[in-house]
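Let me begin by presenting the structure, written as C-alpha cells, before commenting on it.
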Amino acid sequence: MRPTHCVPVFVLAFAPLLAQVPREPVRGTVLLAADQPWAGAQVQLLSRPVPDEDRVGESDLVRALSDAKGRFLVDLLPGRCYTAWACMLLGDGTYRASHAVDDVRAGGPLELVADAVRPLGSVQIDGLDPWRAGGAIECQLRSRTANVIAAPCVEQDGRFALPPLPGRRAALEVLCGGRPLQPWPEPLDLTVATHTVRIQAPRAVRLRFVDADTSQPIADATIAASMWLRSLLHEIAHSDVTGNAVATLPIGSRAFDWVNYPVMLQARGHAPINLLGRLQVPADHDAAAGKPVATIELHKGLALRSVLALADTACAGAPIRIRNDLQSTTEGTHRIAWWLSTDVQSGFEVDVDPRTPAGLGMLLRPSEYARLAAAAAPFPLHPEALLAVVPANAQAAALPAKLDLAALAPMRVQVSAPDGAPAADAFVGIGAAFDGHVLTLSSAATDRSGRACFLVPREQELLVTAWSDDGWIVHPMPRADALVAPLRIQLQSVRQLPGLVEDAAGRPVPYAQVTYSVIADGGEMGFLTRSFGYHLVRRTDAKGSFSVPLYPGARYSVSSVATPDDDHYVRQPEFTVGKDEPESLHLELTKR
C-alpha cells in the first residue's frame with residue numbers, strides 16, 4: 001500500500017509543553033525548473049537532538065504548504081539546525097522532491113529547488129526467510145541529510161514499498177526482531193523503480209571472553225548486534241561459565257574475514273568494546289563443537305552507578321549518552337560512545353574504560369526541557385544536559401548517589417564573529433582537559449544573536465570552543481558556578497578555500513555533497529576538530545561551487561563526493577593549512 005502523503009508519520013514533534021519556548025520565523029520559497037514557483041508543495045523541516053540518530057531523543061518537525069507563488073512561512077526553535085525539503089505525490093506512481101538543504105536556522109531565508117520526478121520504488125529483499133522465526137522484519141529508508149529522515153517501508157506481496165525522500169540516493173536498513181541484519185545500511189538509487197537486496201544467511205559463531213589481566217573466563221558477557229556508526233544495539237548472545245558465547249550473525253556459510261566488525265561487547269565490571277578488530281570465520285567453523293574463532297580480552301572497568309532526578313521528579317526511561325573518548329599527543333585517540341536508559345526506579349549502571357575520562361549527558365525530554373529552559377532565557381538551551389565528567393583513574397564511587405538535573409548550572413555563551421557582529425551561524429562545543437588529554441562532550445548551534453546555553457555541573461571546569469565558516473576559538477572556562485555573566489568569546493578569522501565539482505565532461509555538478517575530514521593532533525586545534533567530529537560535508541551550489549574554511553595547522557583530506565546520481569571517491573592529495581594547502585579544490589569526477 002502506497003503512502004498518501006509525503007510526511008513520515010513516525011517522526012515525533014515536540015510536545016505542547018514546548019509551546020512556551022519562543023520560536024522565530026523562516027520565510028521561504030520552493031521553485032520548479034526555470035525558477036517557476038512550486039505551488040502546493042509539502043515542506044518539512046526536521047531537527048534532531050542527535051542529527052544522525054532517529055531512535056534517541058525528541059525531534060522537532062515543522063510542516064507547511066507552499067502557496068500559489070511557492071511561498072511558505074514556518075516557525076523554528078532558535079539554536080537548532082534543521083534539514084528542509086519539499087515533496088509532492090503526482091498520482092501516477094511518481095513523486096517530485098526538492099534537493100535537501102541542511103543547517104537551516106531560524107531568522108534566515110530559505111530556498112528549495114525541485115529535483116527531477118522519480119518513481120515511488122520498491123525493493124525485494126532476498127534471504128529473509130531463515131530470519132523470520134527470530135521476529136518481525138522491519139525496513140526503513142534513511143536519507144543522506146544532516147538530520148536523518150528515516151521512513152518505514154511497508155511490505156506487500158513480498159516487496160517493500162519505498163517512501164518518498166529527498167535526494168537521489170538513500171540507505172536501506174533491515175532489522176529482524178529489532179536486531180540489524182547488515183553491518184551498514186544498503187545504498188539505493190531512488191531514481192530506479194525496482195531494487196533487489198540480499199541478506200546473508202544466519203550462521204552460529206563461537207567467541208570466548210577472558211579477563212585481560214588474569215586470563216580467567218568471563219561469564220555473562222553480552223554480545224549486542226549493531227551497525228557501523230549507529231547507537232542501535234540488540235543483545236544476541238551471552239557467555240557461559242567457561243566464557244564461551246555462541247552468536248548468530250548474518251555472515252553466510254562461506255569463509256568470512258572482516259576488519260572492525262560492528263558489535264558491542266560488554267561484561268559487568270569490564271570496559272566495553274564497540275568493534276571487533278578483526279572477525280575471521282573459516283568455512284568449516286562449527287560453533288557447536290569447534291574452537292572459538294576469537295578470544296576477546298576485556299579490561300577491568302570503572303563502575304558508574306547513580307539515580308537521575310529533576311528536583312522531586314523521577315526520571316525513569318531517560319536517555320543517557322556515555323562518552324569514553326580521549327585525545328593525547330602521545331597515546332593516540334580512543335573513542336567509544338553509546339546510549340542507555342534509566343530503569344523504572346530512575347537508576348542506571350554502566351562500566352567504562354578507567355584508563356580514559358568519561359562524560360555522561362542526558363537528552364532532555366519536553367517536560368524536562370520546559371522546566372529548565374527558564375534558567376537559560378533568553379539563550380537557547382541545548383537539549384543535551386551534561387550530567388557529569390569522570391576523570392581517568394577515578395575511584396569506583398565516581399558519581400554521587402543522585403544526579404539532580406535541577407542542580408546543574410546554565411552556562412550561557414555569547415559568540416561574536418571576527419568583525420564583532422553576532423555569530424549567527426556558529427557552533428559551540430564543550431569539553432574537559434585532563435593532564436594534556438581532552439574529552440569532547442557536546443556541541444550546539446548558536447541562534448541568530450550568537451547565543452547558546454548548556455546545562456553543566458556547577459563545579460566542573462570546562463573548555464569551550466566555537467567555530468563557523470568565518471573563524472574559530474578555544475576558550476578555557478572557570479567553574480560554572482563562578483560564571484555570573486554570559487561567557488563572551490570572539491572568533492579568530494580564517495581564510496576560505498574555494499572549490500568546484502565537475503563531472504567527466506567538465507560540467508559543474510550542482511547539489512553535490514563533498515565529504516572531507518579535518519584532523520589535528522593535540523592542543524586547541526585538536527579539541528576543535530574533535531568537537532565537530534572530524535568528517536564535514538559541504539554542498540555545492542547551483543553552479544557546482546563550494547568553499548571550505550581553513551583552520552590553522554589542521555590536516556585536510558577530501559574523501560568522497562556524492563552527486564545526485566552516484567558516489568565518487570576522489571584522490572585529492574591531503575594538505576596541512578599553513579604548509580601546503582592548494583589555491584583551490586578542483587574535484588573532477590572521472591569515474592565512480
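Ordering of the C-alpha cells sets the chain letters (A, B, ...), residue numbers begin anew at 1 in every chain, and ligands are numbered from 1 in the order given.
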
Those in range 49-233 of chain A with strand (DSSP E) from DSSP, as a PyMOL selection string: chain A and resi 60-65+71-76+82-89+94-97+101-104+110-113+118-119+122-126+137-143+150-152+154-156+159-161+169-176+179-180+186-189+194-198+202-211+222-225

Residues within 7 Å of Ser226 in chain A, only C-alpha atoms, excluding chain neighbours under 2 positions, as a PyMOL selection string: chain A and resi 180+224+228+230+232-234+262-264

Atoms to include: C-alpha atoms. Write the selected residues as a PDB file, in the first residue's frame.
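Once written, result.pdb looks like this:
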```
ATOM      1  CA  PRO A 180      20.203  -5.288  12.459  1.00  0.00           C
ATOM      2  CA  ALA A 224      24.977  -6.942  21.104  1.00  0.00           C
ATOM      3  CA  TRP A 228      28.601   0.899  11.773  1.00  0.00           C
ATOM      4  CA  ARG A 230      24.962   3.668  14.871  1.00  0.00           C
ATOM      5  CA  LEU A 232      21.308   0.828  17.697  1.00  0.00           C
ATOM      6  CA  LEU A 233      22.118  -2.219  19.879  1.00  0.00           C
ATOM      7  CA  HIS A 234      20.325  -5.557  20.235  1.00  0.00           C
ATOM      8  CA  PRO A 262      30.462  -3.744  14.383  1.00  0.00           C
ATOM      9  CA  VAL A 263      29.225  -5.321  17.632  1.00  0.00           C
ATOM     10  CA  MET A 264      29.120  -4.126  21.239  1.00  0.00           C
TER      11      MET A 264
END
```

DSSP helix (DSSP H, G or I) residues within range 49-142 of chain A, listed as a list in words: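 Filtering range 49-142 of chain A to helix (DSSP H, G or I) leaves Asp129, Pro130, Trp131, Arg132, Ala133 and Gly134 of chain A.
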
Atom-to-atom span, CA of Arg479 in chain A and CA of Leu372 in chain A, Å: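 The value is 19.6 Å.
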
List every residue of range 161-248 of chain A that has an atom at most 12 Å from any atom of range 301-317 of chain A, and for each one report the closest atom pair and its distance in Å to one decimal, counting only C-alpha atoms, with rows sorted by chain and then by increasing residue number, as CSV.
```
residue,atom,partner,partner_atom,distance
A:Asp211,CA,A:Gly301,CA,10.7
A:Ala212,CA,A:Gly301,CA,11.0
A:Asp213,CA,A:Gly301,CA,11.8
```

Generate a file of the selected residues that holds C-alpha atoms, formatted as a short mmCIF file (atom, residue, chain, number, x, y, z; two decimals), in the first residue's frame.
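Below you can see part.cif, which holds the result:
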```cif
data_model
loop_
_atom_site.label_atom_id
_atom_site.label_comp_id
_atom_site.auth_asym_id
_atom_site.auth_seq_id
_atom_site.Cartn_x
_atom_site.Cartn_y
_atom_site.Cartn_z
CA ASP A 211 39.81 -11.04 31.68
CA ALA A 212 42.75 -9.14 30.16
CA ASP A 213 44.75 -9.23 33.42
#
```

Contact table range 40-100 of chain A vs range 192-207 of chain A, cut-off 12 Å, shortest pair per residue, only C-alpha atoms, as a tab-separated table:
```
residue	atom	partner	partner_atom	distance
A:Gly93	CA	A:Ala193	CA	9.7
A:Thr94	CA	A:Ala193	CA	9.5
A:Tyr95	CA	A:Ala193	CA	11.7
```
